[in-house]
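J.: What follows is entry_34.cif; its format and atoms are mmCIF, N, CA and C atoms.
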```cif
data_upload
loop_
_atom_site.label_atom_id
_atom_site.label_comp_id
_atom_site.auth_asym_id
_atom_site.auth_seq_id
_atom_site.Cartn_x
_atom_site.Cartn_y
_atom_site.Cartn_z
N MET A 1 6.52 -16.09 7.97
CA MET A 1 6.69 -14.79 7.41
C MET A 1 7.02 -14.95 5.93
N VAL A 2 6.50 -14.02 5.13
CA VAL A 2 6.78 -14.01 3.71
C VAL A 2 7.83 -12.93 3.45
N HIS A 3 8.89 -13.27 2.72
CA HIS A 3 9.92 -12.31 2.36
C HIS A 3 9.73 -11.95 0.89
N THR A 4 9.92 -10.67 0.58
CA THR A 4 9.83 -10.25 -0.81
C THR A 4 11.21 -10.33 -1.45
N SER A 5 11.25 -10.37 -2.78
CA SER A 5 12.52 -10.53 -3.47
C SER A 5 13.37 -9.26 -3.39
N GLU A 6 14.65 -9.43 -3.64
CA GLU A 6 15.57 -8.29 -3.60
C GLU A 6 15.59 -7.58 -4.94
N MET A 7 15.44 -6.26 -4.92
CA MET A 7 15.46 -5.42 -6.11
C MET A 7 16.19 -4.14 -5.76
N ASP A 8 16.51 -3.34 -6.77
CA ASP A 8 17.11 -2.03 -6.56
C ASP A 8 16.00 -1.01 -6.45
N PHE A 9 15.85 -0.41 -5.27
CA PHE A 9 14.76 0.53 -5.04
C PHE A 9 15.20 1.98 -5.07
N SER A 10 16.45 2.24 -5.38
CA SER A 10 16.97 3.61 -5.52
C SER A 10 16.55 4.53 -4.38
N GLY A 11 16.72 4.05 -3.15
CA GLY A 11 16.45 4.89 -2.00
C GLY A 11 15.02 4.86 -1.49
N MET A 12 14.10 4.27 -2.22
CA MET A 12 12.72 4.16 -1.76
C MET A 12 12.64 3.02 -0.75
N ILE A 13 11.59 2.99 0.06
CA ILE A 13 11.48 2.00 1.13
C ILE A 13 10.54 0.87 0.72
N PRO A 14 11.06 -0.35 0.47
CA PRO A 14 10.23 -1.47 0.06
C PRO A 14 9.60 -2.20 1.25
N VAL A 15 8.63 -3.04 0.94
CA VAL A 15 8.09 -3.97 1.92
C VAL A 15 9.05 -5.16 1.96
N ASP A 16 9.68 -5.37 3.11
CA ASP A 16 10.65 -6.47 3.26
C ASP A 16 9.94 -7.79 3.53
N GLY A 17 8.81 -7.73 4.22
CA GLY A 17 8.09 -8.94 4.56
C GLY A 17 6.80 -8.60 5.27
N TYR A 18 5.97 -9.61 5.47
CA TYR A 18 4.71 -9.42 6.18
C TYR A 18 4.30 -10.75 6.78
N GLY A 19 3.45 -10.69 7.78
CA GLY A 19 2.97 -11.89 8.44
C GLY A 19 1.71 -11.57 9.20
N PRO A 20 1.25 -12.48 10.05
CA PRO A 20 0.00 -12.26 10.77
C PRO A 20 0.03 -10.97 11.61
N GLY A 21 -0.69 -9.97 11.16
CA GLY A 21 -0.83 -8.72 11.91
C GLY A 21 0.27 -7.70 11.75
N PHE A 22 1.28 -7.95 10.91
CA PHE A 22 2.39 -7.00 10.82
C PHE A 22 2.96 -6.91 9.41
N PHE A 23 3.74 -5.84 9.23
CA PHE A 23 4.52 -5.62 8.00
C PHE A 23 5.92 -5.21 8.42
N ARG A 24 6.92 -5.59 7.65
CA ARG A 24 8.28 -5.10 7.85
C ARG A 24 8.63 -4.28 6.63
N VAL A 25 8.88 -2.99 6.86
CA VAL A 25 9.15 -2.05 5.78
C VAL A 25 10.48 -1.36 6.08
N GLY A 26 11.44 -1.51 5.16
CA GLY A 26 12.75 -0.91 5.38
C GLY A 26 13.40 -1.40 6.66
N GLY A 27 13.12 -2.66 7.05
CA GLY A 27 13.71 -3.24 8.25
C GLY A 27 12.97 -2.93 9.54
N VAL A 28 11.92 -2.13 9.49
CA VAL A 28 11.16 -1.74 10.69
C VAL A 28 9.82 -2.48 10.68
N VAL A 29 9.46 -3.08 11.82
CA VAL A 29 8.20 -3.80 11.94
C VAL A 29 7.09 -2.83 12.32
N HIS A 30 5.96 -2.93 11.61
CA HIS A 30 4.77 -2.11 11.86
C HIS A 30 3.61 -3.06 12.12
N GLN A 31 2.89 -2.84 13.19
CA GLN A 31 1.73 -3.66 13.54
C GLN A 31 0.46 -3.03 12.98
N GLY A 32 -0.47 -3.85 12.54
CA GLY A 32 -1.78 -3.37 12.10
C GLY A 32 -1.78 -2.80 10.70
N PRO A 33 -2.93 -2.22 10.29
CA PRO A 33 -3.05 -1.64 8.95
C PRO A 33 -1.98 -0.56 8.74
N LEU A 34 -1.47 -0.50 7.50
CA LEU A 34 -0.35 0.38 7.21
C LEU A 34 -0.55 1.14 5.91
N ALA A 35 -0.25 2.43 5.96
CA ALA A 35 -0.25 3.28 4.76
C ALA A 35 1.20 3.46 4.33
N LEU A 36 1.47 3.16 3.06
CA LEU A 36 2.79 3.39 2.49
C LEU A 36 2.65 4.55 1.52
N LEU A 37 3.23 5.67 1.90
CA LEU A 37 3.14 6.90 1.12
C LEU A 37 4.54 7.36 0.74
N PRO A 38 4.66 8.23 -0.25
CA PRO A 38 5.99 8.70 -0.65
C PRO A 38 6.81 9.29 0.51
N ASP A 39 6.14 9.84 1.53
CA ASP A 39 6.88 10.39 2.67
C ASP A 39 7.11 9.36 3.78
N GLY A 40 6.80 8.09 3.50
CA GLY A 40 7.11 7.03 4.44
C GLY A 40 5.88 6.29 4.95
N PRO A 41 6.12 5.17 5.64
CA PRO A 41 5.02 4.38 6.18
C PRO A 41 4.43 5.04 7.43
N GLN A 42 3.13 4.84 7.61
CA GLN A 42 2.48 5.32 8.81
C GLN A 42 1.25 4.49 9.14
N PRO A 43 0.87 4.47 10.42
CA PRO A 43 -0.33 3.72 10.80
C PRO A 43 -1.53 4.24 10.01
N TRP A 44 -2.48 3.35 9.79
CA TRP A 44 -3.66 3.68 9.00
C TRP A 44 -4.88 3.08 9.68
N ALA A 45 -6.01 3.76 9.62
CA ALA A 45 -7.23 3.31 10.30
C ALA A 45 -7.90 2.13 9.60
N GLY A 46 -7.60 1.89 8.33
CA GLY A 46 -8.20 0.76 7.61
C GLY A 46 -9.05 1.19 6.45
N ILE A 47 -9.64 0.22 5.78
CA ILE A 47 -10.36 0.40 4.52
C ILE A 47 -11.39 1.54 4.56
N GLY A 48 -12.05 1.72 5.67
CA GLY A 48 -13.09 2.76 5.75
C GLY A 48 -12.57 4.18 5.78
N ASP A 49 -11.26 4.38 5.92
CA ASP A 49 -10.70 5.73 6.02
C ASP A 49 -9.56 5.92 5.03
N MET A 50 -9.84 6.63 3.96
CA MET A 50 -8.83 6.89 2.93
C MET A 50 -8.33 8.33 2.99
N THR A 51 -8.55 9.00 4.11
CA THR A 51 -8.17 10.41 4.27
C THR A 51 -6.68 10.64 3.99
N LEU A 52 -5.81 9.80 4.54
CA LEU A 52 -4.36 9.97 4.33
C LEU A 52 -4.03 10.02 2.84
N PHE A 53 -4.67 9.16 2.08
CA PHE A 53 -4.38 9.06 0.65
C PHE A 53 -4.98 10.22 -0.13
N LEU A 54 -6.18 10.63 0.25
CA LEU A 54 -6.82 11.77 -0.41
C LEU A 54 -6.04 13.06 -0.15
N GLU A 55 -5.53 13.22 1.07
CA GLU A 55 -4.76 14.42 1.42
C GLU A 55 -3.44 14.51 0.66
N ARG A 56 -2.90 13.38 0.24
CA ARG A 56 -1.60 13.35 -0.44
C ARG A 56 -1.72 12.91 -1.90
N ALA A 57 -2.88 13.05 -2.48
CA ALA A 57 -3.16 12.56 -3.84
C ALA A 57 -2.17 13.08 -4.88
N GLU A 58 -1.64 14.27 -4.70
CA GLU A 58 -0.72 14.82 -5.70
C GLU A 58 0.67 14.19 -5.65
N THR A 59 0.94 13.35 -4.64
CA THR A 59 2.28 12.78 -4.48
C THR A 59 2.44 11.40 -5.09
N PHE A 60 1.35 10.80 -5.58
CA PHE A 60 1.42 9.48 -6.20
C PHE A 60 0.33 9.35 -7.26
N ASP A 61 0.51 8.37 -8.14
CA ASP A 61 -0.43 8.16 -9.24
C ASP A 61 -1.33 6.96 -9.04
N ILE A 62 -0.83 5.95 -8.34
CA ILE A 62 -1.60 4.72 -8.17
C ILE A 62 -1.60 4.29 -6.71
N LEU A 63 -2.74 3.82 -6.26
CA LEU A 63 -2.89 3.31 -4.90
C LEU A 63 -3.22 1.82 -5.00
N LEU A 64 -2.37 1.02 -4.38
CA LEU A 64 -2.61 -0.42 -4.29
C LEU A 64 -3.27 -0.68 -2.95
N VAL A 65 -4.44 -1.29 -2.97
CA VAL A 65 -5.17 -1.57 -1.75
C VAL A 65 -5.11 -3.07 -1.49
N GLY A 66 -4.43 -3.45 -0.40
CA GLY A 66 -4.34 -4.85 -0.01
C GLY A 66 -5.41 -5.14 1.03
N THR A 67 -6.33 -6.05 0.71
CA THR A 67 -7.51 -6.28 1.54
C THR A 67 -7.39 -7.48 2.48
N GLY A 68 -6.18 -7.92 2.77
CA GLY A 68 -6.00 -9.07 3.65
C GLY A 68 -5.79 -10.34 2.85
N THR A 69 -6.24 -11.46 3.40
CA THR A 69 -6.03 -12.74 2.73
C THR A 69 -7.07 -13.02 1.65
N THR A 70 -8.17 -12.29 1.67
CA THR A 70 -9.20 -12.46 0.65
C THR A 70 -9.41 -11.15 -0.10
N PHE A 71 -9.76 -11.27 -1.36
CA PHE A 71 -10.01 -10.11 -2.20
C PHE A 71 -11.38 -9.52 -1.85
N GLU A 72 -11.41 -8.21 -1.65
CA GLU A 72 -12.66 -7.49 -1.40
C GLU A 72 -12.64 -6.22 -2.23
N LEU A 73 -13.79 -5.86 -2.74
CA LEU A 73 -13.91 -4.61 -3.49
C LEU A 73 -14.05 -3.44 -2.54
N LEU A 74 -13.55 -2.28 -2.96
CA LEU A 74 -13.80 -1.05 -2.22
C LEU A 74 -15.25 -0.65 -2.41
N ALA A 75 -15.81 0.04 -1.44
CA ALA A 75 -17.16 0.58 -1.60
C ALA A 75 -17.14 1.52 -2.81
N PRO A 76 -18.17 1.45 -3.65
CA PRO A 76 -18.19 2.28 -4.86
C PRO A 76 -17.96 3.77 -4.60
N ASP A 77 -18.54 4.31 -3.53
CA ASP A 77 -18.36 5.74 -3.23
C ASP A 77 -16.90 6.05 -2.87
N MET A 78 -16.23 5.12 -2.20
CA MET A 78 -14.82 5.32 -1.85
C MET A 78 -13.96 5.32 -3.12
N ARG A 79 -14.21 4.39 -4.02
CA ARG A 79 -13.48 4.33 -5.28
C ARG A 79 -13.68 5.62 -6.07
N VAL A 80 -14.91 6.11 -6.14
CA VAL A 80 -15.21 7.35 -6.86
C VAL A 80 -14.45 8.53 -6.25
N ARG A 81 -14.42 8.62 -4.92
CA ARG A 81 -13.69 9.72 -4.26
C ARG A 81 -12.20 9.68 -4.60
N LEU A 82 -11.62 8.49 -4.56
CA LEU A 82 -10.19 8.36 -4.87
C LEU A 82 -9.91 8.69 -6.34
N GLU A 83 -10.70 8.13 -7.23
CA GLU A 83 -10.49 8.38 -8.66
C GLU A 83 -10.77 9.84 -9.02
N SER A 84 -11.72 10.48 -8.35
CA SER A 84 -12.00 11.90 -8.59
C SER A 84 -10.83 12.78 -8.16
N ALA A 85 -10.03 12.27 -7.22
CA ALA A 85 -8.83 13.00 -6.76
C ALA A 85 -7.64 12.72 -7.67
N GLY A 86 -7.84 11.95 -8.75
CA GLY A 86 -6.76 11.67 -9.69
C GLY A 86 -5.94 10.44 -9.33
N ILE A 87 -6.45 9.61 -8.44
CA ILE A 87 -5.73 8.43 -7.98
C ILE A 87 -6.24 7.20 -8.73
N GLY A 88 -5.34 6.47 -9.37
CA GLY A 88 -5.70 5.17 -9.93
C GLY A 88 -5.71 4.16 -8.81
N VAL A 89 -6.73 3.33 -8.74
CA VAL A 89 -6.90 2.40 -7.62
C VAL A 89 -6.90 0.96 -8.13
N GLU A 90 -6.09 0.12 -7.50
CA GLU A 90 -6.06 -1.31 -7.78
C GLU A 90 -6.25 -2.04 -6.46
N THR A 91 -7.27 -2.87 -6.39
CA THR A 91 -7.55 -3.63 -5.18
C THR A 91 -7.14 -5.09 -5.40
N MET A 92 -6.51 -5.69 -4.38
CA MET A 92 -6.02 -7.06 -4.47
C MET A 92 -5.77 -7.59 -3.06
N THR A 93 -5.38 -8.84 -2.95
CA THR A 93 -5.01 -9.36 -1.64
C THR A 93 -3.75 -8.63 -1.15
N THR A 94 -3.51 -8.68 0.13
CA THR A 94 -2.36 -7.97 0.69
C THR A 94 -1.03 -8.49 0.16
N GLY A 95 -0.89 -9.79 0.02
CA GLY A 95 0.36 -10.33 -0.51
C GLY A 95 0.64 -9.80 -1.90
N ALA A 96 -0.37 -9.81 -2.75
CA ALA A 96 -0.21 -9.29 -4.12
C ALA A 96 0.09 -7.79 -4.09
N ALA A 97 -0.53 -7.06 -3.18
CA ALA A 97 -0.29 -5.61 -3.07
C ALA A 97 1.16 -5.33 -2.66
N CYS A 98 1.69 -6.10 -1.72
CA CYS A 98 3.08 -5.91 -1.28
C CYS A 98 4.05 -6.18 -2.43
N ARG A 99 3.84 -7.27 -3.14
CA ARG A 99 4.72 -7.60 -4.26
C ARG A 99 4.61 -6.56 -5.37
N SER A 100 3.40 -6.16 -5.69
CA SER A 100 3.19 -5.16 -6.75
C SER A 100 3.79 -3.82 -6.36
N TYR A 101 3.65 -3.45 -5.10
CA TYR A 101 4.23 -2.20 -4.59
C TYR A 101 5.75 -2.20 -4.82
N ASN A 102 6.41 -3.29 -4.46
CA ASN A 102 7.86 -3.36 -4.63
C ASN A 102 8.27 -3.29 -6.10
N VAL A 103 7.52 -3.97 -6.96
CA VAL A 103 7.83 -3.93 -8.39
C VAL A 103 7.68 -2.50 -8.92
N LEU A 104 6.60 -1.83 -8.56
CA LEU A 104 6.38 -0.46 -9.03
C LEU A 104 7.43 0.50 -8.46
N LEU A 105 7.85 0.29 -7.21
CA LEU A 105 8.95 1.10 -6.65
C LEU A 105 10.22 0.89 -7.46
N ALA A 106 10.52 -0.37 -7.79
CA ALA A 106 11.73 -0.68 -8.55
C ALA A 106 11.68 -0.05 -9.94
N GLU A 107 10.49 0.17 -10.46
CA GLU A 107 10.32 0.83 -11.75
C GLU A 107 10.27 2.35 -11.62
N ALA A 108 10.50 2.85 -10.40
CA ALA A 108 10.47 4.29 -10.10
C ALA A 108 9.11 4.91 -10.38
N ARG A 109 8.04 4.15 -10.15
CA ARG A 109 6.68 4.64 -10.32
C ARG A 109 6.23 5.37 -9.07
N ARG A 110 5.30 6.28 -9.23
CA ARG A 110 4.72 7.04 -8.10
C ARG A 110 3.57 6.22 -7.53
N VAL A 111 3.87 5.44 -6.49
CA VAL A 111 2.92 4.48 -5.96
C VAL A 111 2.75 4.65 -4.46
N ALA A 112 1.56 4.33 -3.99
CA ALA A 112 1.25 4.28 -2.55
C ALA A 112 0.51 2.96 -2.31
N ALA A 113 0.45 2.54 -1.06
CA ALA A 113 -0.26 1.31 -0.73
C ALA A 113 -1.04 1.48 0.56
N ALA A 114 -2.22 0.87 0.58
CA ALA A 114 -3.07 0.79 1.76
C ALA A 114 -3.17 -0.69 2.09
N LEU A 115 -2.53 -1.10 3.18
CA LEU A 115 -2.37 -2.52 3.46
C LEU A 115 -3.08 -2.98 4.74
N VAL A 116 -4.00 -3.91 4.58
CA VAL A 116 -4.65 -4.58 5.70
C VAL A 116 -3.82 -5.83 6.00
N PRO A 117 -3.45 -6.07 7.27
CA PRO A 117 -2.61 -7.24 7.56
C PRO A 117 -3.31 -8.56 7.23
N ILE A 118 -2.48 -9.58 7.02
CA ILE A 118 -3.03 -10.92 6.78
C ILE A 118 -3.30 -11.58 8.13
#
```
If you convert what's in this file into structure tokens, what do you get?
T.:
Amino acid sequence: MVHTSEMDFSGMIPVDGYGPGFFRVGGVVHQGPLALLPDGPQPWAGIGDMTLFLERAETFDILLVGTGTTFELLAPDMRVRLESAGIGVETMTTGAACRSYNVLLAEARRVAAALVPI
């Protein structure tokens, strides 16, 4: 299991750790793909379904997409839909997305994450 560093999150819920098939967020273990939104973590269908993020586009400014252990680009039409909704999109491996999410939370940024397990 990978543990993330300790920071002051001012009440926001950080990613505490992740491992094969799961994430630990705010001390709670979640199995499978996970959406981290300002109103809390929730199960997510995966890269092909960005509905949760599009429906809540006004609640965050940047979406970090963690694509697992390898970097993969989003389909161009999916990126266009997200950006047209006013969402900045950054795609990276899941480990990098978890770490970046925590740093942006610590900076009090309006961030969401779409995380595929490693």
J.: Can you translate the PyMOL selection byres (((chain A and resi 46 and name CA) around 10) and name CA) into the concrete residues it hits in this file, as a ChimeraX atom specification?
T.: /A:32-35,43-45,47-50,67,114-117
J.: Could you take the residues named above and write them with N, CA and C atoms, as a short mmCIF file (atom, residue, chain, number, x, y, z; two decimals), in the frame of the given file?
T.:
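As written to disk, again_26.cif reads:
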```cif
data_model
loop_
_atom_site.label_atom_id
_atom_site.label_comp_id
_atom_site.auth_asym_id
_atom_site.auth_seq_id
_atom_site.Cartn_x
_atom_site.Cartn_y
_atom_site.Cartn_z
N GLY A 32 -0.47 -3.85 12.54
CA GLY A 32 -1.78 -3.37 12.10
C GLY A 32 -1.78 -2.80 10.70
N PRO A 33 -2.93 -2.22 10.29
CA PRO A 33 -3.05 -1.64 8.95
C PRO A 33 -1.98 -0.56 8.74
N LEU A 34 -1.47 -0.50 7.50
CA LEU A 34 -0.35 0.38 7.21
C LEU A 34 -0.55 1.14 5.91
N ALA A 35 -0.25 2.43 5.96
CA ALA A 35 -0.25 3.28 4.76
C ALA A 35 1.20 3.46 4.33
N PRO A 43 0.87 4.47 10.42
CA PRO A 43 -0.33 3.72 10.80
C PRO A 43 -1.53 4.24 10.01
N TRP A 44 -2.48 3.35 9.79
CA TRP A 44 -3.66 3.68 9.00
C TRP A 44 -4.88 3.08 9.68
N ALA A 45 -6.01 3.76 9.62
CA ALA A 45 -7.23 3.31 10.30
C ALA A 45 -7.90 2.13 9.60
N ILE A 47 -9.64 0.22 5.78
CA ILE A 47 -10.36 0.40 4.52
C ILE A 47 -11.39 1.54 4.56
N GLY A 48 -12.05 1.72 5.67
CA GLY A 48 -13.09 2.76 5.75
C GLY A 48 -12.57 4.18 5.78
N ASP A 49 -11.26 4.38 5.92
CA ASP A 49 -10.70 5.73 6.02
C ASP A 49 -9.56 5.92 5.03
N MET A 50 -9.84 6.63 3.96
CA MET A 50 -8.83 6.89 2.93
C MET A 50 -8.33 8.33 2.99
N THR A 67 -6.33 -6.05 0.71
CA THR A 67 -7.51 -6.28 1.54
C THR A 67 -7.39 -7.48 2.48
N ALA A 114 -2.22 0.87 0.58
CA ALA A 114 -3.07 0.79 1.76
C ALA A 114 -3.17 -0.69 2.09
N LEU A 115 -2.53 -1.10 3.18
CA LEU A 115 -2.37 -2.52 3.46
C LEU A 115 -3.08 -2.98 4.74
N VAL A 116 -4.00 -3.91 4.58
CA VAL A 116 -4.65 -4.58 5.70
C VAL A 116 -3.82 -5.83 6.00
N PRO A 117 -3.45 -6.07 7.27
CA PRO A 117 -2.61 -7.24 7.56
C PRO A 117 -3.31 -8.56 7.23
#
```
J.: So, with all atoms listed in the file as the atoms that count, which of A:Arg110, A:Gly26, A:Gly40, A:Ala96 lies closest to Val65 (chain A)?
T.: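 Nearest candidate to Val65 (chain A) out of A:Arg110, A:Gly26, A:Gly40, A:Ala96: A:Ala96.
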J.: Near Gly68 (chain A), counting only N, CA and C atoms, which residues have an atom at most 6 Å away, once you skip same-chain residues fewer than 4 positions from it, shown as a short mmCIF file (atom, residue, chain, number, x, y, z; two decimals) with N, CA and C atoms, in the frame of the given file?
T.:
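The resulting file, out-v7.cif, is shown below:
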```
data_model
loop_
_atom_site.label_atom_id
_atom_site.label_comp_id
_atom_site.auth_asym_id
_atom_site.auth_seq_id
_atom_site.Cartn_x
_atom_site.Cartn_y
_atom_site.Cartn_z
N MET A 92 -6.51 -5.69 -4.38
CA MET A 92 -6.02 -7.06 -4.47
C MET A 92 -5.77 -7.59 -3.06
N THR A 93 -5.38 -8.84 -2.95
CA THR A 93 -5.01 -9.36 -1.64
C THR A 93 -3.75 -8.63 -1.15
N THR A 94 -3.51 -8.68 0.13
CA THR A 94 -2.36 -7.97 0.69
C THR A 94 -1.03 -8.49 0.16
N GLY A 95 -0.89 -9.79 0.02
CA GLY A 95 0.36 -10.33 -0.51
C GLY A 95 0.64 -9.80 -1.90
N VAL A 116 -4.00 -3.91 4.58
CA VAL A 116 -4.65 -4.58 5.70
C VAL A 116 -3.82 -5.83 6.00
N PRO A 117 -3.45 -6.07 7.27
CA PRO A 117 -2.61 -7.24 7.56
C PRO A 117 -3.31 -8.56 7.23
N ILE A 118 -2.48 -9.58 7.02
CA ILE A 118 -3.03 -10.92 6.78
C ILE A 118 -3.30 -11.58 8.13
#
```
J.: Excluding same-chain residues fewer than 2 positions from region 97-99 of chain A, what lies within 12 Å of it counting only C-alpha atoms, as an MDAnalysis selection string?
T.: chainID A and resid 2:7 13:19 23:25 34:36 62:71 89:95 101:106 111:118
J.: What does the structure give for the distance between CA of Glu55 (chain A) and CA of Glu72 (chain A), in Å to one decimal?
T.: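 Answer for the CA of Glu55 (chain A) to CA of Glu72 (chain A) separation: 23.5 Å.
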J.: Using all atoms of region 32-49 of chain A that appear in the file, construct an axis-aligned enclosing box with 4 Å of padding on every side and provide its centre coordinates and edge lengths in Å, rounded to one decimal, as JSON.
T.:
```
{"center_x": -3.0, "center_y": 3.3, "center_z": 5.9, "size_x": 28.2, "size_y": 22.2, "size_z": 21.2}
```
J.: What gap, in Å, lies between CA of Ala57 (chain A) and CA of Ala85 (chain A)?
T.: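 Between CA of Ala57 (chain A) and CA of Ala85 (chain A) the gap works out to 6.4 Å.
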J.: Quick one: DSSP alpha helix (DSSP H) residues in chain A, as a ChimeraX atom specification?
T.: /A:51-55,76-84,94-106
J.: Which residue is closest to Phe60 (chain A)? Choose from A:Ala75, A:Ile87, A:Ala108, A:Leu82 and count all atoms listed in the file.
T.: A:Ile87
J.: Could you tell me which of A:Val80, A:Val29, A:Leu74, A:Met12 comes closest to Leu54 (chain A) if we count only C-alpha atoms?
T.: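 Between A:Val80, A:Val29, A:Leu74, A:Met12, the residue approaching Leu54 (chain A) most closely is A:Val80.
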J.: Report the distance between atom C of Ser100 (chain A) and atom C of Glu83 (chain A) in Å, rounded to one decimal place.
T.: 20.1 Å
J.: Measuring atom to atom with all atoms listed in the file, identify which of A:Asp77, A:Leu37, A:Pro20, A:Gly27 is nearest to Phe53 (chain A).
T.: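 Going through A:Asp77, A:Leu37, A:Pro20, A:Gly27 one by one, the smallest distance to Phe53 (chain A) is for A:Leu37.
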J.: Report as a PyMOL selection string: the residues of region 38-109 of chain A with a DSSP assignment of strand (DSSP E or B), based on the backbone of this structure.
T.: chain A and resi 40-43+62-66+88-92
J.: Name the closest residue to Thr59 (chain A) among the candidates A:Leu73, A:Gly21, A:Pro38, A:Ser84; distances are taken between atoms, counting only N, CA and C atoms.
T.: A:Pro38
